[in-house]
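Participant: Here it is: the structure, laid out below.
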Amino acid sequence: MMSIMGETDAADMLKGKDKTVIGVSKKRQLQSTLIPFEKLPINIRQFEVLKCFVDEDVARTAVHDKTLINENCIEIIPDNIYNKIIDELVAIDEVRCYFTEESWLVIQQIIKLKKTVSYLELCNMFERFNNKIYML
């Protein structure tokens, strides 16, 4: 019994079954090289957290040379500090060893202020949203 399609046509169709729409092999697994923050080596995590509060050179020196950071090096303008420092995945206590007692108190105050500002911004956003609903 002969089919309408020739044997070569059927074989060509079967070859395409393992390909995506753009012709990439489905068997090829894409592997991500991204590593979650909490799984990074501790010195890299510490460096990234320190960069939120101080200049990159100060952070690098502190991590590599194990020097203490004094309060004069800390960024104190809240808008210049990333909100990622208040993320629960950031273990802020991991960097305490790089600060003097006085500078650590400054860091704690900054974090407290950032959390308060973030909370207030969220409240203001909901208030504006509610006002728009009432206007309808």
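By convention here, the chains of the structure tokens are called A, B, ... in the order presented, each chain's residues are numbered starting at 1, and ligands are numbered starting at 1 in the order presented.
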With a distance cut-off of 12 Å and only C-alpha atoms, select the neighbouring residues of Arg45 (chain A), excluding the residue or stretch itself and same-chain residues fewer than 6 positions from it, and output the selection as a VMD selection string.

Facilitator: chain A and resid 35 to 39 51 to 52 59 to 60 63 85 89 to 95

Participant: What does the distance from CA of Tyr98 (chain A) to CA of Thr67 (chain A) come to in Å, to one decimal?

Facilitator: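 Separating CA of Tyr98 (chain A) from CA of Thr67 (chain A) is a distance of 6.5 Å.
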
Participant: Contacts of region 69-78 of chain A at 6 Å or less, counting only C-alpha atoms, minus same-chain residues fewer than 4 places along, as a PyMOL selection string?

Facilitator: chain A and resi 53-54+98-100+103
